[in-house]
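Undergrad: Following this line is data-v1.cif, made up of mmCIF, C-alpha atoms:
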data_my_file
loop_
_atom_site.label_atom_id
_atom_site.label_comp_id
_atom_site.auth_asym_id
_atom_site.auth_seq_id
_atom_site.Cartn_x
_atom_site.Cartn_y
_atom_site.Cartn_z
CA MET A 1 -11.25 -21.75 28.59
CA SER A 2 -8.09 -21.70 30.69
CA GLU A 3 -4.80 -21.93 28.85
CA HIS A 4 -3.03 -23.75 31.68
CA ALA A 5 -1.18 -26.89 30.74
CA GLY A 6 -3.86 -29.20 31.99
CA ALA A 7 -6.62 -27.53 30.02
CA GLY A 8 -4.49 -27.14 26.91
CA SER A 9 -4.96 -30.78 25.90
CA SER A 10 -8.57 -30.06 24.94
CA ASP A 11 -7.24 -27.71 22.24
CA ARG A 12 -5.52 -30.58 20.44
CA PRO A 13 -7.30 -31.48 17.18
CA ASN A 14 -8.66 -35.01 17.04
CA ALA A 15 -7.27 -37.44 14.48
CA GLY A 16 -8.48 -36.47 11.01
CA GLU A 17 -9.86 -33.14 12.25
CA VAL A 18 -8.80 -29.95 10.46
CA PRO A 19 -7.49 -27.50 13.09
CA SER A 20 -8.70 -23.93 13.22
CA GLU A 21 -6.35 -20.95 13.05
CA GLN A 22 -6.99 -20.29 16.74
CA THR A 23 -6.02 -23.87 17.58
CA LEU A 24 -2.73 -23.46 15.71
CA LEU A 25 -1.97 -20.22 17.53
CA THR A 26 -2.73 -21.86 20.87
CA LEU A 27 -0.40 -24.74 20.01
CA GLU A 28 2.31 -22.28 18.99
CA ARG A 29 1.98 -20.41 22.28
CA GLN A 30 2.24 -23.64 24.27
CA ALA A 31 5.09 -24.99 22.10
CA ARG A 32 7.23 -22.07 23.22
CA THR A 33 7.06 -23.23 26.84
CA ALA A 34 9.20 -25.81 28.61
CA GLY A 35 7.88 -28.91 30.30
CA PRO A 36 5.25 -31.51 29.35
CA ALA A 37 2.75 -29.01 27.93
CA GLY A 38 5.32 -27.61 25.51
CA GLU A 39 6.44 -31.09 24.43
CA GLU A 40 2.84 -32.18 23.86
CA ALA A 41 2.14 -29.08 21.75
CA ARG A 42 5.25 -29.69 19.63
CA ARG A 43 4.21 -33.32 19.09
CA ALA A 44 0.76 -32.15 18.02
CA LEU A 45 2.26 -29.72 15.48
CA ALA A 46 4.59 -32.40 14.15
CA ALA A 47 1.64 -34.78 13.71
CA LEU A 48 -0.29 -32.14 11.78
CA ALA A 49 2.69 -31.45 9.51
CA ALA A 50 3.27 -35.13 8.81
CA GLY A 51 -0.41 -36.06 8.57
CA PRO A 52 -2.89 -36.04 5.69
CA ALA A 53 -2.96 -33.12 3.24
CA LEU A 54 -4.50 -29.99 4.73
CA PRO A 55 -6.63 -27.31 3.09
CA ARG A 56 -4.36 -24.60 1.71
CA PRO A 57 -5.29 -21.80 4.18
CA VAL A 58 -4.66 -24.13 7.14
CA MET A 59 -1.40 -25.36 5.63
CA LYS A 60 -0.18 -21.79 5.17
CA GLU A 61 -0.88 -20.90 8.79
CA LEU A 62 0.76 -24.11 10.03
CA ARG A 63 3.88 -23.38 7.99
CA ARG A 64 4.03 -19.87 9.45
CA VAL A 65 3.74 -21.28 12.98
CA LEU A 66 6.58 -23.73 12.32
CA TYR A 67 8.70 -20.99 10.75
CA ARG A 68 8.26 -18.69 13.76
CA LEU A 69 9.17 -21.48 16.16
CA ARG A 70 12.31 -22.41 14.19
CA SER A 71 13.30 -18.73 14.01
CA MET A 72 13.29 -18.77 17.82
CA GLY A 73 15.47 -21.87 17.87
CA ILE A 74 12.59 -24.22 18.77
CA GLU A 75 12.74 -27.28 16.53
CA VAL A 76 9.63 -29.43 16.13
CA GLU A 77 11.00 -32.94 15.77
CA GLY A 78 9.83 -34.73 12.64
CA ALA A 79 7.96 -31.70 11.27
CA GLU A 80 8.86 -31.23 7.64
CA ALA A 81 7.00 -28.75 5.46
CA PRO A 82 3.31 -29.74 5.76
CA ARG A 83 1.54 -30.96 2.65
CA ALA A 84 -1.35 -29.08 1.11
CA GLU A 85 -4.17 -30.19 -1.15
CA GLY A 86 -2.84 -29.79 -4.70
CA GLY A 87 0.84 -29.86 -3.68
CA ALA A 88 3.16 -27.67 -1.66
CA ARG A 89 4.18 -24.13 -2.66
CA ALA A 90 6.58 -21.52 -1.40
CA LEU A 91 4.94 -19.52 1.37
CA VAL A 92 5.56 -15.91 2.35
CA VAL A 93 5.97 -15.83 6.12
CA GLN A 94 6.94 -12.19 6.72
CA ALA A 95 6.31 -8.98 4.78
CA ALA A 96 6.92 -5.26 5.15
CA ALA A 97 6.77 -2.28 2.82
CA SER A 98 7.49 1.42 2.55
CA ARG A 99 5.27 4.36 1.69
CA ILE A 100 4.78 5.26 -1.99
CA GLY A 101 7.55 7.50 -3.28
CA ALA A 102 7.59 10.33 -5.79
CA ASP A 103 7.60 8.04 -8.83
CA GLY A 104 4.82 5.74 -7.64
CA SER A 105 7.17 3.05 -6.36
CA ALA A 106 7.45 1.37 -2.96
CA VAL A 107 9.92 -1.06 -1.42
CA VAL A 108 8.46 -4.42 -0.38
CA LEU A 109 10.47 -6.96 1.60
CA THR A 110 9.23 -10.55 1.82
CA VAL A 111 10.62 -13.65 3.55
CA TRP A 112 9.68 -16.98 1.94
CA ASP A 113 9.68 -20.49 3.38
CA LEU A 114 10.46 -23.04 0.68
CA GLY A 115 10.33 -25.97 3.08
CA HIS A 116 14.04 -26.76 3.40
CA THR A 117 15.34 -23.28 2.59
CA THR A 118 14.45 -19.67 3.37
CA HIS A 119 14.63 -16.90 0.77
CA VAL A 120 14.43 -13.13 1.12
CA PHE A 121 12.91 -11.38 -1.90
CA ASN A 122 13.33 -7.61 -1.83
CA ALA A 123 11.86 -5.44 -4.59
CA ARG A 124 10.94 -1.90 -5.53
CA VAL A 125 7.54 -2.18 -7.17
CA SER A 126 5.85 0.48 -9.28
CA ASP A 127 2.34 1.13 -10.56
CA VAL A 128 3.95 2.48 -13.75
CA ARG A 129 6.47 -0.22 -14.77
CA GLY A 130 5.71 -3.08 -12.38
CA PHE A 131 9.23 -3.66 -11.07
CA GLU A 132 12.00 -1.10 -10.83
CA GLU A 133 14.53 -3.45 -9.25
CA ALA A 134 14.71 -6.62 -7.16
CA GLU A 135 17.09 -8.96 -5.38
CA THR A 136 16.71 -12.45 -3.92
CA ARG A 137 18.94 -14.31 -1.47
CA GLU A 138 18.88 -17.63 0.33
CA LEU A 139 19.55 -17.17 4.04
CA ALA A 140 19.39 -19.14 7.25
CA ARG A 141 16.04 -18.68 9.00
CA ARG A 142 17.45 -16.72 11.91
CA ARG A 143 19.47 -14.47 9.59
CA ALA A 144 16.39 -13.80 7.43
CA THR A 145 14.33 -12.93 10.50
CA ALA A 146 17.08 -10.67 11.84
CA GLU A 147 17.32 -8.81 8.52
CA PHE A 148 13.55 -8.42 8.40
CA GLU A 149 13.43 -6.98 11.91
CA GLU A 150 16.25 -4.57 11.06
CA ALA A 151 14.35 -3.37 7.96
CA VAL A 152 11.26 -2.69 10.08
CA ARG A 153 13.34 -0.74 12.60
CA SER A 154 14.74 1.25 9.66
CA GLY A 155 11.33 2.42 8.53
CA LEU A 156 9.45 -0.31 6.65
CA THR A 157 5.98 -1.13 7.95
CA ALA A 158 5.39 -4.78 8.86
CA PHE A 159 2.05 -6.22 7.82
CA GLU A 160 0.28 -9.47 6.95
CA PRO A 161 2.46 -11.81 4.86
CA SER A 162 -0.29 -12.24 2.27
CA TRP A 163 -0.22 -8.48 1.59
CA GLY A 164 3.40 -8.77 0.49
CA ALA A 165 2.44 -11.55 -1.93
CA MET A 166 -0.37 -9.40 -3.33
CA MET A 167 2.00 -6.46 -3.86
CA LEU A 168 4.41 -8.66 -5.82
CA ALA A 169 1.60 -10.24 -7.83
CA GLY A 170 0.26 -6.79 -8.73
CA ALA A 171 3.71 -5.65 -9.79
CA ALA A 172 4.10 -8.73 -11.99
CA ALA A 173 0.70 -8.10 -13.57
CA ARG A 174 1.63 -4.48 -14.24
CA ALA A 175 4.97 -5.49 -15.77
CA ARG A 176 3.18 -7.84 -18.17
CA THR A 177 0.64 -5.25 -19.31
CA ARG A 178 3.36 -2.64 -19.79
CA THR A 179 5.76 -5.13 -21.41
CA ALA A 180 8.43 -3.56 -19.21
CA GLY A 181 10.18 -6.85 -18.50
CA PHE A 182 11.28 -8.36 -15.21
CA PRO A 183 14.46 -7.85 -13.18
CA ARG A 184 16.97 -10.68 -13.17
CA ALA A 185 16.21 -11.57 -9.54
CA TYR A 186 12.56 -12.20 -10.42
CA VAL A 187 13.56 -14.43 -13.33
CA LEU A 188 15.85 -16.45 -11.04
CA ALA A 189 13.08 -16.87 -8.46
CA ARG A 190 10.31 -17.46 -11.01
CA GLU A 191 10.25 -21.26 -10.55
CA TRP A 192 9.08 -21.02 -6.94
CA LEU A 193 7.73 -17.46 -6.84
CA GLU A 194 5.15 -17.48 -9.63
CA PRO A 195 3.28 -20.61 -8.44
CA ALA A 196 3.00 -18.96 -5.01
CA LEU A 197 1.55 -15.79 -6.58
CA ALA A 198 -0.81 -17.62 -8.94
CA GLY A 199 -3.94 -17.03 -6.84
CA GLU A 200 -3.48 -13.24 -6.59
CA THR A 201 -5.24 -11.07 -9.16
CA SER A 202 -4.42 -7.42 -8.38
CA PRO A 203 -3.69 -5.44 -11.58
CA THR A 204 -1.24 -3.08 -9.82
CA PRO A 205 0.98 -3.27 -6.72
CA TYR A 206 -1.63 -1.33 -4.70
CA GLY A 207 -4.95 -2.40 -6.22
CA TRP A 208 -5.58 -5.08 -3.59
CA ALA A 209 -5.45 -2.74 -0.60
CA ALA A 210 -9.12 -1.62 -0.51
CA GLY A 211 -10.16 -5.22 0.14
CA GLN A 212 -8.00 -5.33 3.27
CA TRP A 213 -9.37 -2.30 5.13
CA SER A 214 -10.68 -3.00 8.61
CA ARG A 215 -14.38 -3.60 9.21
CA GLN A 216 -14.57 -0.34 11.15
CA LEU A 217 -13.23 1.63 8.19
CA GLN A 218 -15.48 -0.14 5.72
CA SER A 219 -18.53 0.48 7.91
CA ALA A 220 -17.70 4.17 8.32
CA LEU A 221 -17.64 4.59 4.53
CA ASP A 222 -20.84 2.59 4.02
CA GLU A 223 -22.94 4.43 6.58
CA ASP A 224 -23.57 7.74 4.84
CA ARG A 225 -23.00 8.88 1.25
CA GLU A 226 -22.94 12.52 2.34
CA ARG A 227 -20.19 11.75 4.83
CA LEU A 228 -18.25 9.97 2.08
CA GLU A 229 -18.46 13.10 -0.08
CA VAL A 230 -17.32 15.35 2.78
CA TRP A 231 -14.34 13.11 3.53
CA ALA A 232 -13.37 12.85 -0.13
CA ARG A 233 -13.32 16.64 -0.38
CA ALA A 234 -11.51 17.02 2.94
CA SER A 235 -8.79 14.66 1.74
CA SER A 236 -7.00 17.77 0.41
CA SER A 237 -5.19 17.84 3.76
CA LEU A 238 -3.38 14.63 2.78
CA ALA A 239 -1.38 16.48 0.12
CA GLY A 240 0.93 17.63 2.93
CA ASP A 241 1.07 14.24 4.64
CA PRO A 242 4.33 12.23 4.41
CA GLU A 243 2.38 9.38 2.82
CA VAL A 244 1.44 11.56 -0.19
CA GLU A 245 3.47 14.77 -0.28
CA GLU A 246 6.33 13.33 -2.38
CA TRP A 247 4.10 12.21 -5.25
CA ASP A 248 5.29 13.70 -8.52
CA LEU A 249 2.46 13.89 -11.07
CA SER A 250 4.28 16.22 -13.46
CA GLU A 251 4.35 13.58 -16.19
CA ALA A 252 0.57 13.13 -16.04
CA LEU A 253 0.10 16.90 -15.98
CA ALA A 254 2.83 17.71 -18.53
CA PRO A 255 0.60 19.31 -21.21
CA PHE A 256 -0.98 21.64 -18.66
CA LEU A 257 2.31 22.57 -17.05
CA ALA A 258 3.72 23.37 -20.49
CA GLU A 259 0.76 25.67 -21.05
CA ALA A 260 1.34 27.30 -17.66
CA ARG A 261 5.01 27.82 -18.54
CA GLN A 262 4.00 29.42 -21.81
CA HIS A 263 1.65 31.82 -20.01
CA LEU A 264 4.38 32.67 -17.51
CA GLU A 265 6.89 33.47 -20.23
CA THR A 266 4.54 35.65 -22.27
CA ARG A 267 5.36 39.35 -22.31
CA LEU A 268 1.72 40.35 -22.39
CA SER A 269 0.58 42.28 -19.36
CA LEU A 270 -2.61 40.66 -18.12
CA LEU A 271 -5.14 42.20 -15.80
CA PRO A 272 -5.21 40.47 -12.40
CA ALA A 273 -8.76 39.28 -13.02
CA THR A 274 -7.73 37.80 -16.38
CA ARG A 275 -4.73 36.02 -14.89
CA GLU A 276 -6.86 34.73 -12.02
CA ALA A 277 -9.44 33.31 -14.42
CA MET A 278 -6.69 31.72 -16.53
CA VAL A 279 -5.14 29.99 -13.52
CA GLU A 280 -8.54 28.77 -12.33
CA ARG A 281 -9.37 27.26 -15.73
CA LEU A 282 -6.00 25.58 -15.92
CA ALA A 283 -6.28 24.17 -12.38
CA PHE A 284 -9.73 22.82 -13.20
CA ARG A 285 -8.49 21.08 -16.36
CA MET A 286 -5.58 19.56 -14.44
CA SER A 287 -7.93 18.23 -11.80
CA GLN A 288 -10.21 16.86 -14.51
CA ALA A 289 -7.29 14.99 -16.06
CA LEU A 290 -6.39 13.30 -12.77
CA HIS A 291 -10.05 12.33 -12.23
CA ALA A 292 -10.15 10.64 -15.65
CA PRO A 293 -8.67 7.32 -16.87
CA PRO A 294 -5.99 6.08 -16.70
CA HIS A 295 -4.86 8.22 -13.76
CA ARG A 296 -8.14 7.79 -11.87
CA SER A 297 -7.76 4.08 -11.16
CA LEU A 298 -4.02 4.25 -10.48
CA LEU A 299 -4.39 7.09 -7.97
CA GLY A 300 -7.42 5.40 -6.42
CA ALA A 301 -5.32 2.27 -5.84
CA ARG A 302 -2.49 4.34 -4.35
CA LEU A 303 -4.88 6.02 -1.92
CA ALA A 304 -6.32 2.64 -0.92
CA TYR A 305 -2.80 1.57 0.05
CA VAL A 306 -2.25 4.88 1.87
CA ALA A 307 -5.46 4.29 3.87
CA LEU A 308 -4.24 0.82 4.85
CA ARG A 309 -0.88 2.19 6.02
CA LEU A 310 -2.53 5.02 7.95
CA GLU A 311 -4.75 2.49 9.73
CA ARG A 312 -1.71 0.38 10.58
CA HIS A 313 0.01 3.44 12.05
CA GLY A 314 -2.97 4.26 14.28
CA ARG A 315 -4.26 7.28 12.35
CA PRO A 316 -7.95 6.45 11.78
CA GLN A 317 -9.08 9.97 10.88
CA GLU A 318 -6.54 10.34 8.08
CA ALA A 319 -7.27 6.76 7.00
CA ARG A 320 -10.95 7.66 6.52
CA LEU A 321 -10.00 10.59 4.29
CA ALA A 322 -7.72 8.46 2.14
CA ALA A 323 -10.23 5.61 1.97
CA ALA A 324 -13.08 7.95 0.98
CA ALA A 325 -10.95 9.50 -1.76
CA SER A 326 -9.95 6.02 -2.95
CA ARG A 327 -13.52 4.73 -3.01
CA VAL A 328 -14.69 7.72 -5.08
CA LEU A 329 -11.88 7.22 -7.61
CA LEU A 330 -12.29 3.46 -7.87
CA ASP A 331 -15.98 3.98 -8.66
CA ARG A 332 -15.61 5.07 -12.27
CA HIS A 333 -19.21 6.34 -12.35
CA SER A 334 -18.91 8.57 -9.28
CA PRO A 335 -19.28 12.30 -10.05
CA LEU A 336 -17.72 13.31 -6.72
CA ARG A 337 -14.50 15.31 -6.56
CA VAL A 338 -11.44 14.28 -4.56
CA GLY A 339 -9.76 17.06 -2.63
CA VAL A 340 -6.29 15.53 -2.52
CA LEU A 341 -6.11 15.42 -6.34
CA GLU A 342 -7.12 19.06 -6.56
CA ALA A 343 -4.50 19.95 -3.93
CA LEU A 344 -1.80 18.02 -5.80
CA SER A 345 -2.76 19.80 -9.02
CA ALA A 346 -2.53 23.15 -7.24
CA ARG A 347 0.88 22.29 -5.83
CA HIS A 348 2.25 21.38 -9.25
CA LEU A 349 0.79 24.53 -10.77
CA ALA A 350 2.22 26.77 -8.03
CA ALA A 351 5.71 26.58 -9.55
CA TYR A 352 4.40 28.35 -12.65
CA LEU A 353 2.70 31.25 -10.92
CA PRO A 354 3.67 34.76 -12.00
CA PRO A 355 6.52 36.17 -9.86
CA ARG A 356 4.32 38.36 -7.67
CA GLN A 357 2.13 35.42 -6.76
CA ARG A 358 5.20 33.28 -6.00
CA ASP A 359 6.50 36.04 -3.73
CA ARG A 360 3.23 36.05 -1.81
CA GLU A 361 3.43 32.28 -1.45
CA ALA A 362 7.03 32.44 -0.23
CA ALA A 363 5.93 34.66 2.68
CA ASP A 364 4.31 31.58 4.20
CA PRO A 365 6.44 28.39 4.03
CA ARG A 366 3.38 26.12 4.15
CA PRO A 367 0.45 28.27 2.91
CA ALA A 368 -3.01 26.82 2.65
CA ALA A 369 -4.50 26.24 -0.78
CA GLU A 370 -7.23 28.68 -1.78
CA ARG A 371 -10.68 27.96 -3.12
CA SER A 372 -12.26 29.81 -6.00
CA PRO A 373 -15.89 30.99 -5.75
CA SER A 374 -16.88 27.72 -7.41
CA GLY A 375 -15.06 25.72 -4.72
CA LEU A 376 -12.05 24.64 -6.80
CA LEU A 377 -8.73 24.34 -4.98
CA LEU A 378 -6.13 26.72 -6.41
CA PRO A 379 -2.43 27.33 -5.68
CA PRO A 380 -1.77 29.60 -2.70
CA GLY A 381 -1.62 33.26 -3.68
CA THR A 382 -3.66 32.86 -6.86
CA LEU A 383 -6.69 34.91 -5.82
CA ARG A 384 -6.49 38.65 -5.40
CA PRO A 385 -7.26 40.00 -1.94
CA ARG A 386 -10.92 41.00 -1.73
CA GLU A 387 -11.92 44.33 -0.32
CA GLY A 388 -12.63 43.97 3.36
CA GLY A 389 -10.97 40.51 3.24
#
Would you mind writing the file out in structure tokens?

TA:
Amino acid sequence: MSEHAGAGSSDRPNAGEVPSEQTLLTLERQARTAGPAGEEARRALAALAAGPALPRPVMKELRRVLYRLRSMGIEVEGAEAPRAEGGARALVVQAAASRIGADGSAVVLTVWDLGHTTHVFNARVSDVRGFEEAETRELARRRATAEFEEAVRSGLTAFEPSWGAMMLAGAAARARTRTAGFPRAYVLAREWLEPALAGETSPTPYGWAAGQWSRQLQSALDEDRERLEVWARASSSLAGDPEVEEWDLSEALAPFLAEARQHLETRLSLLPATREAMVERLAFRMSQALHAPPHRSLLGARLAYVALRLERHGRPQEARLAAAASRVLLDRHSPLRVGVLEALSARHLAAYLPPRQRDREAADPRPAAERSPSGLLLPPGTLRPREGG
């Protein structure tokens, strides 16, 4: 159908008809124009906002349309916050977030429409404590939009508003299970924030992400179990990716690293083959620990979020690796191994290599991890050179 002004009238919902999302987007596009077509579209939006209660998904999209128009300085006369079945709630209209940092935390910025006011809720969420810190401010719509756009230019990744709500809901759920408490900003916003998050059920800030992968990514993982296994193993390359390389798992691996430190400090002179076998056993036990609860599900959720971010940044090959690793970990019965966890174990263990092995590693600033005869990833420089190698 043509989107010229004359044809646009057929996109108007009839009285009592629930508009589709596409209809709302068409009305928004036309409302941004001058002339009769723009005025008619704005009247149609105002009628929807003032009309009978709408189903919640439609109401949310209508409120986002009105918010975007007002942020551009286009007022829809007579359009107050539209009513939803079951009453109105605060609605997140913009969201953006950072990559996961060393401690498992990420920054999430959300802009909320409360009908007559606009609030910015900015938080650092964590899959360990729930919330590390947060702040909330009431701003004019244009100021809130300007601050959001500046945050995206500064490095945050913009994504669907509902994803921001799910991140906050997961952080709140984690805070409750860990009895870590809530930051003051969350407590101040609780009256309007918690009702808006009530429908979200993610247990961690990242646990929702696997359900938001694209159909193409989901289909690629569903097509072939053997391919899934290959990708999960090949995910070792992600250990050097900016999305993952900062992760610090030393707390989860503390007992093993203490054992490695003890071996390093011993005065006993070990044969190279003995030391090699010792390091291999230790690396295997570290990998086993990360593949077991509770780290398994937490790291699986992190990798699901990484896959989503990689997709958003136009990196489908890396997204498949992260998604395959995540799917294996989130399936608690899967016997498959995840390469990125083995590579992270090897990286943490590398600091405790005997001096000669560290010297060999230092010769190459970004050496590749080695594999033992059994296929286990080991720190660079662990294995002795083979004759003829």

Undergrad: Can I get the residues of range 26-83 of chain A within 12 Å of range 154-172 of chain A, each with the closest pair of atoms and their distance in Å to one decimal, using all atoms listed in the file, sorted chain first then ascending number, as a Markdown table?

TA:
| residue | atom | partner | partner_atom | distance |
| --- | --- | --- | --- | --- |
| A:Pro57 | CA | A:Ser162 | CA | 11.0 |
| A:Lys60 | CA | A:Ser162 | CA | 10.0 |
| A:Glu61 | CA | A:Pro161 | CA | 10.5 |
| A:Arg64 | CA | A:Pro161 | CA | 9.4 |

Undergrad: Take the selection from the previous step and output its residues with C-alpha atoms, as a PDB file, keeping the file's coordinate frame.

TA:
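Final output, out.pdb:
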ATOM      1  CA  PRO A  57      -5.290 -21.800   4.180  1.00  0.00           C
ATOM      2  CA  LYS A  60      -0.180 -21.790   5.170  1.00  0.00           C
ATOM      3  CA  GLU A  61      -0.880 -20.900   8.790  1.00  0.00           C
ATOM      4  CA  ARG A  64       4.030 -19.870   9.450  1.00  0.00           C
TER       5      ARG A  64
END

Undergrad: Please write as a PyMOL selection string the full residue list that the PyMOL selection byres ((chain A and resi 288) around 12) yields on this file.

TA: chain A and resi 252-253+256+281-287+289-296+329+335-339+341-342+345+376

Undergrad: Please write the residues from the selection above to a file, keeping C-alpha atoms, as a short mmCIF file (atom, residue, chain, number, x, y, z; two decimals), in the coordinates of the input.

TA:
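For reference, part34.cif as written:
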data_model
loop_
_atom_site.label_atom_id
_atom_site.label_comp_id
_atom_site.auth_asym_id
_atom_site.auth_seq_id
_atom_site.Cartn_x
_atom_site.Cartn_y
_atom_site.Cartn_z
CA ALA A 252 0.57 13.13 -16.04
CA LEU A 253 0.10 16.90 -15.98
CA PHE A 256 -0.98 21.64 -18.66
CA ARG A 281 -9.37 27.26 -15.73
CA LEU A 282 -6.00 25.58 -15.92
CA ALA A 283 -6.28 24.17 -12.38
CA PHE A 284 -9.73 22.82 -13.20
CA ARG A 285 -8.49 21.08 -16.36
CA MET A 286 -5.58 19.56 -14.44
CA SER A 287 -7.93 18.23 -11.80
CA ALA A 289 -7.29 14.99 -16.06
CA LEU A 290 -6.39 13.30 -12.77
CA HIS A 291 -10.05 12.33 -12.23
CA ALA A 292 -10.15 10.64 -15.65
CA PRO A 293 -8.67 7.32 -16.87
CA PRO A 294 -5.99 6.08 -16.70
CA HIS A 295 -4.86 8.22 -13.76
CA ARG A 296 -8.14 7.79 -11.87
CA LEU A 329 -11.88 7.22 -7.61
CA PRO A 335 -19.28 12.30 -10.05
CA LEU A 336 -17.72 13.31 -6.72
CA ARG A 337 -14.50 15.31 -6.56
CA VAL A 338 -11.44 14.28 -4.56
CA GLY A 339 -9.76 17.06 -2.63
CA LEU A 341 -6.11 15.42 -6.34
CA GLU A 342 -7.12 19.06 -6.56
CA SER A 345 -2.76 19.80 -9.02
CA LEU A 376 -12.05 24.64 -6.80
#

Undergrad: To one decimal place, how far is CA of Tyr206 in chain A from CA of Arg190 in chain A in Å?

TA: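 Taking CA of Tyr206 in chain A and CA of Arg190 in chain A, their separation equals 21.0 Å.
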
Undergrad: Using only C-alpha atoms, pick whichever of A:Ala351, A:Arg142, A:Gly314, A:Glu147 has the shortest atom-to-atom distance to Ala95 in chain A.

TA: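 Of all the options, A:Glu147 lies closest to Ala95 in chain A.
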
Undergrad: From the options A:Gly35, A:Leu188, A:Ile100, A:Leu193, which residue's atoms come nearest to Trp112 in chain A, counting only C-alpha atoms?

TA: A:Leu193
